[in-house]
Structures are given as structure tokens and as C-alpha cells.
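A.B. asks: Below is the structure I would like to discuss, written out as C-alpha cells.
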Amino acid sequence: MYKKIFKIAAALSLLTVGNVFAQSNLYSDVPEGAEAVSLIDGRALTMPDATNETVLKNLADARYKYMDYPMNSDNAVWYGRRLAYAGDFREAIKIFSEGMLDNPNDPQFLRHRGHRYVTIREFDRAIADLEKAGEMIKGKSNKVEQDGAPNEFGIPVSTLHGNIYYHLGLAYYLKHDWENAKRVYDLDLDVATNDDNRVSITHWRYMIRRRAGETHDAAKHVLDVINKDMKILENHTYHKLTLFYKGELTESEISEGIDLEDSADAATAYGLANWHYYNGDEAKAKEMLQSMMKAKAWGSFGYIAAEADLAAMM
């Protein structure tokens, strides 16, 4: 009985807090029903209602735990994460913001809110959150971050510190702030714990240097950590791309079977388009980036990077 009363009280309290956040300056206004707007033409970016039974069940379970009393910080983080997996990015940002009220010293909330600010194209807000999270973790021990969608081995490959730097570097990259992006991804490599981390970070470290104007010969030193025998559990796309940058795979090997209009291929598609761009074929790069915009899903990092580049070309 008391637990039920506490749940009702918690629900009422959260509704009140949620209303406060809904009226505050958490994010920019968008058309009704949209999660974000395109960087290119300002069109509304909407998400379909989630229909995957596993996603919906996980969301329902996370919501139930979140409404328990007293609130557990991990439950709040997971509720926000599950909302985002279901495509409700703005509501996820609210939940992370609410969690910060009771847990102001927990960098997880800033890490995840910063990630979702990237998704909805609020790069400056993402940078503010993730820079603050980066300050909070200085001198603190790192920890493995559990996956929302585990790989086939059931082994998480990322950490809290690594994800803070990874998303911060990405936010700077999307703003074409190459110096800060380089600084942060160099920090990210310092906390990499496995080959999956190393290939994903190296992908961005190499592209950043090329976009900043470095030649391949000047930038190739970052590829020294890459080899064909690395133990990759999930970041196979980044592994292949970095081998391509290194010259150990050909363009035809990388592009075989890739559909520019399929969001599942966005990472490879963007890596290839970007390679054409910084090697001087801007027309080819632009053509590929424009084809990527035909994909239905707009939340992948490759898609967002393509959109940011096209917006800068206008």
C-alpha cells in the first residue's frame, strides 16, 4: 500500500517537474510532432511511433522502474535511454534534465543528454553538456557503459569517459570546429580500452585532420594503431573504413553492396563521400551526400554529418 502511495506521489511530482521543464529553454522550438528540423532547409524531422515489441517492452519496464520511489539515478538514465531508442528524443532530454535535479554530480545525465542534443541538431547545447561532463570525470575512475542493444557476444565495448569524449568530439566535428574536435578525439583515444574503441575513434581522428587541410602523409600517423587482425566485436564498419584510409582495402571493396539511401549504410556512405571531398572531388562528394538525404532514418551520426556538410556547402 505504501509503495503504491509513493508511486502516485512520485508520478505527480514528476508531472509537475516535467511541466516546468516543458516550459523552460531545454531546446529550440520545432513544428508540432517533430523531434528536430533539418540543417539544410528547416523541414520538420519526425519519428514514426515505435512498433518493435522488444523496444516497447523495454520502455514499459524502464518507465515502471523510473516511477518507483525513491528514484534511482540508474533507473532515470535508463528511462531516458529507452525513450530515445523509441524515437522520443525530446522527451528523453526532459528525463535526463529531471534526473540532474536529484543527481547534480552524476555525469551520466549530461553524457546522455548531450548525445540526444546531437541527435536533434542542438550542437551548442551538446557541447555545453559534454564539456561539463568532461570536467566532472577528471580524476575519477572510468566504468563500462552497458549497451541498450547488446552485440552478439553480449560484451559492452564502451565506457562512460569514452562516450563523453566521443560525443563531444562529434559535436565539434558537426560544427566543423576541427581544432576542438581533434583535441577531444585525442583525449578519447587515451581512454580507449579495446579495438572497437580504437577503430571508431581513429575513423574520426583521420577525417578531422583531412578536413582541417592536412595531406594523407601528414595525417596517416593516426592510422598506425589499425591493422587487419584487430579483435572487433561490433565496429566492423569503422574497421573497414580505417583500413581503406590506410590503403589496405580498395574503394570498390568498401563500396560493394552499399546503398546510399539506406540509413543502415550511413557510416560507410559518409566515410566514402567525405574521402572524395577531402581528396578534391567535391562534386562527387556532394552527389553522394545528397543521395544519403533520401534515407528514411535521420538519427545516425553518418546522416547528421552528411546533412551538416551539405548545409555548409549551400
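By order of appearance in the C-alpha cells: chains A, B, ..., then residues from 1 within every chain, and ligands from 1 in the order shown.
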Select from region 140-191 of chain A everything DSSP, run on the backbone, classes as alpha helix (DSSP H), then give the selection as a PyMOL selection string.

C.D. replies: chain A and resi 160-174+178-190

A.B. asks: With C-alpha atoms kept, could you save the residues just selected as a PDB file, in the first residue's frame?

C.D. replies:
ATOM      1  CA  LEU A 160      31.386   6.445 -19.621  1.00  0.00           C
ATOM      2  CA  HIS A 161      34.543   8.512 -20.159  1.00  0.00           C
ATOM      3  CA  GLY A 162      34.945   7.268 -23.706  1.00  0.00           C
ATOM      4  CA  ASN A 163      31.360   8.115 -24.634  1.00  0.00           C
ATOM      5  CA  ILE A 164      31.597  11.593 -23.160  1.00  0.00           C
ATOM      6  CA  TYR A 165      34.640  12.395 -25.290  1.00  0.00           C
ATOM      7  CA  TYR A 166      33.288  10.574 -28.351  1.00  0.00           C
ATOM      8  CA  HIS A 167      30.044  12.545 -28.474  1.00  0.00           C
ATOM      9  CA  LEU A 168      31.785  15.802 -27.575  1.00  0.00           C
ATOM     10  CA  GLY A 169      34.269  15.339 -30.402  1.00  0.00           C
ATOM     11  CA  LEU A 170      31.398  14.541 -32.734  1.00  0.00           C
ATOM     12  CA  ALA A 171      29.504  17.696 -31.755  1.00  0.00           C
ATOM     13  CA  TYR A 172      32.578  19.812 -32.537  1.00  0.00           C
ATOM     14  CA  TYR A 173      33.049  17.936 -35.821  1.00  0.00           C
ATOM     15  CA  LEU A 174      29.462  18.641 -36.857  1.00  0.00           C
ATOM     16  CA  TRP A 178      38.312  20.915 -36.405  1.00  0.00           C
ATOM     17  CA  GLU A 179      40.743  22.033 -33.709  1.00  0.00           C
ATOM     18  CA  ASN A 180      38.420  21.240 -30.832  1.00  0.00           C
ATOM     19  CA  ALA A 181      37.262  18.021 -32.498  1.00  0.00           C
ATOM     20  CA  LYS A 182      40.892  16.936 -32.828  1.00  0.00           C
ATOM     21  CA  ARG A 183      41.643  17.843 -29.216  1.00  0.00           C
ATOM     22  CA  VAL A 184      38.726  15.842 -27.866  1.00  0.00           C
ATOM     23  CA  TYR A 185      39.163  12.736 -30.021  1.00  0.00           C
ATOM     24  CA  ASP A 186      42.820  12.635 -28.983  1.00  0.00           C
ATOM     25  CA  LEU A 187      41.585  12.559 -25.379  1.00  0.00           C
ATOM     26  CA  ASP A 188      39.141   9.830 -26.353  1.00  0.00           C
ATOM     27  CA  LEU A 189      41.935   7.636 -27.685  1.00  0.00           C
ATOM     28  CA  ASP A 190      43.695   7.991 -24.333  1.00  0.00           C
TER      29      ASP A 190
END

A.B. asks: Can you pull out every residue within 12 Å of Asp259 (chain A), counting only C-alpha atoms, but drop anything in the same chain fewer than 2 positions away, and send it as a list in words?

C.D. replies: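 These residues fall inside the cut-off: Ile254, Ser255, Glu256, Gly257, Glu261, Asp262, Ser263, Ala264, Asp265, Ala266, Ala267, Thr268, Ala269, Tyr270, Leu272, Met288, Leu289, Ser291, Met292, Met293, Lys294 and Ala295 of chain A.
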
A.B. asks: Could those selected residues go to a file with C-alpha atoms, as a CSV table (one decimal), in the first residue's frame?

C.D. replies:
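In the end it all went to result08.csv:
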chain,number,residue,atom,x,y,z
A,254,ILE,CA,34.4,-0.7,-49.3
A,255,SER,CA,31.5,0.4,-51.5
A,256,GLU,CA,30.4,-3.1,-52.6
A,257,GLY,CA,26.7,-3.6,-51.6
A,261,GLU,CA,19.8,5.8,-49.4
A,262,ASP,CA,19.8,3.1,-46.7
A,263,SER,CA,20.4,4.6,-43.2
A,264,ALA,CA,22.0,1.2,-42.2
A,265,ASP,CA,24.9,2.1,-44.5
A,266,ALA,CA,25.2,5.7,-43.4
A,267,ALA,CA,28.6,5.3,-41.7
A,268,THR,CA,30.2,3.8,-44.8
A,269,ALA,CA,28.4,6.1,-47.2
A,270,TYR,CA,29.6,9.2,-45.3
A,272,LEU,CA,33.3,7.4,-48.7
A,288,MET,CA,26.7,11.1,-52.6
A,289,LEU,CA,25.7,13.3,-49.6
A,291,SER,CA,21.6,10.7,-52.0
A,292,MET,CA,22.1,10.0,-48.3
A,293,MET,CA,19.4,12.5,-47.5
A,294,LYS,CA,16.9,10.2,-49.1
A,295,ALA,CA,17.2,7.7,-46.3

A.B. asks: Using only C-alpha atoms, which protein or nucleic acid residues come within 8 Å of region 217-228 of chain A? Drop anything in the same chain fewer than 5 positions from it, and give the result as a list of chain:residue names.

C.D. replies: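 So, after excluding close chain neighbours, the residues are A:Arg198, A:Val199, A:Thr202, A:Arg205, A:Tyr206, A:Arg209, A:Arg210, A:His239, A:Thr242, A:Leu243, A:Tyr245, A:Lys246.
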
A.B. asks: Could those residues be written to a file, using C-alpha atoms, as a short mmCIF file (atom, residue, chain, number, x, y, z; two decimals), in the first residue's frame?

C.D. replies:
data_model
loop_
_atom_site.label_atom_id
_atom_site.label_comp_id
_atom_site.auth_asym_id
_atom_site.auth_seq_id
_atom_site.Cartn_x
_atom_site.Cartn_y
_atom_site.Cartn_z
CA ARG A 198 40.27 2.39 -31.37
CA VAL A 199 38.76 1.92 -34.84
CA THR A 202 40.63 6.62 -35.43
CA ARG A 205 40.71 11.41 -35.95
CA TYR A 206 41.79 10.78 -39.54
CA ARG A 209 42.83 16.05 -39.93
CA ARG A 210 41.98 15.71 -43.62
CA HIS A 239 37.45 -1.03 -39.02
CA THR A 242 40.18 2.86 -41.39
CA LEU A 243 41.81 0.05 -43.39
CA TYR A 245 42.10 5.14 -45.37
CA LYS A 246 45.33 3.21 -44.72
#

A.B. asks: Excluding Arg121 (chain A) and residues on its chain fewer than 4 positions from it, collect all residues at most 9 Å away from it, counting only C-alpha atoms, and give them as a PyMOL selection string.

C.D. replies: chain A and resi 36-39+116-117+126+304

A.B. asks: May I have the residues from that selection written out with N, CA and C atoms, as a PDB file, in the first residue's frame?

C.D. replies:
ATOM      1  N   ALA A  36      13.035  17.320 -34.514  1.00  0.00           N
ATOM      2  CA  ALA A  36      14.112  18.227 -34.899  1.00  0.00           C
ATOM      3  C   ALA A  36      13.753  18.858 -36.238  1.00  0.00           C
ATOM      4  N   VAL A  37      14.625  19.737 -36.716  1.00  0.00           N
ATOM      5  CA  VAL A  37      14.458  20.292 -38.060  1.00  0.00           C
ATOM      6  C   VAL A  37      15.763  20.115 -38.824  1.00  0.00           C
ATOM      7  N   SER A  38      15.660  19.952 -40.125  1.00  0.00           N
ATOM      8  CA  SER A  38      16.823  19.734 -40.974  1.00  0.00           C
ATOM      9  C   SER A  38      17.755  20.949 -40.962  1.00  0.00           C
ATOM     10  N   LEU A  39      19.046  20.677 -40.958  1.00  0.00           N
ATOM     11  CA  LEU A  39      20.041  21.746 -41.035  1.00  0.00           C
ATOM     12  C   LEU A  39      20.069  22.384 -42.418  1.00  0.00           C
ATOM     13  N   ARG A 116      21.784  13.168 -27.042  1.00  0.00           N
ATOM     14  CA  ARG A 116      20.500  13.407 -27.706  1.00  0.00           C
ATOM     15  C   ARG A 116      20.367  14.826 -28.225  1.00  0.00           C
ATOM     16  N   TYR A 117      21.129  15.755 -27.656  1.00  0.00           N
ATOM     17  CA  TYR A 117      21.187  17.077 -28.277  1.00  0.00           C
ATOM     18  C   TYR A 117      21.845  16.974 -29.661  1.00  0.00           C
ATOM     19  N   ALA A 126      24.792  20.452 -26.860  1.00  0.00           N
ATOM     20  CA  ALA A 126      25.525  19.198 -26.673  1.00  0.00           C
ATOM     21  C   ALA A 126      26.930  19.486 -26.162  1.00  0.00           C
ATOM     22  N   ILE A 304      23.715  12.666 -39.994  1.00  0.00           N
ATOM     23  CA  ILE A 304      23.811  14.026 -39.454  1.00  0.00           C
ATOM     24  C   ILE A 304      25.045  14.723 -39.995  1.00  0.00           C
TER      25      ILE A 304
END

A.B. asks: Please identify the strand (DSSP E or B) residues within region 95-209 of chain A (assignment by DSSP from backbone atoms) and present them as a VMD selection string.

C.D. replies: chain A and resid 144 to 145 158 to 159

A.B. asks: Would you save the residues from that selection as an mmCIF file, in the first residue's frame, using N, CA and C atoms?

C.D. replies:
data_model
loop_
_atom_site.group_PDB
_atom_site.id
_atom_site.type_symbol
_atom_site.label_atom_id
_atom_site.label_comp_id
_atom_site.auth_asym_id
_atom_site.auth_seq_id
_atom_site.Cartn_x
_atom_site.Cartn_y
_atom_site.Cartn_z
ATOM 1 N N VAL A 144 32.553 0.765 -17.347
ATOM 2 C CA VAL A 144 31.914 0.250 -18.557
ATOM 3 C C VAL A 144 30.481 0.741 -18.616
ATOM 4 N N GLU A 145 30.028 1.104 -19.817
ATOM 5 C CA GLU A 145 28.650 1.534 -20.008
ATOM 6 C C GLU A 145 27.880 0.409 -20.697
ATOM 7 N N SER A 158 32.005 0.009 -24.742
ATOM 8 C CA SER A 158 32.239 1.431 -24.478
ATOM 9 C C SER A 158 32.233 1.723 -22.991
ATOM 10 N N THR A 159 32.744 2.904 -22.644
ATOM 11 C CA THR A 159 32.823 3.345 -21.251
ATOM 12 C C THR A 159 32.205 4.727 -21.112
#

A.B. asks: List the spatial neighbours of Gln290 (chain A) as an MDAnalysis selection string - criterion: any atom at most 9 Å away, only C-alpha atoms, same-chain residues fewer than 4 positions off excluded.

C.D. replies: chainID A and resid 285:286 294 306:307 310

A.B. asks: Choose the residue, out of A:Tyr27, A:Trp298, A:Pro107, A:Asp177, that has the smallest atom-to-atom separation from Ile208 (chain A); count only C-alpha atoms.

C.D. replies: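 Selected residue with least distance to Ile208 (chain A): A:Asp177.
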
A.B. asks: Give me the residues within 10 Å of Met47 (chain A) as a PyMOL selection string, counting only C-alpha atoms and dropping any in the same chain fewer than 5 places off.

C.D. replies: chain A and resi 33-36+86-89+296-299
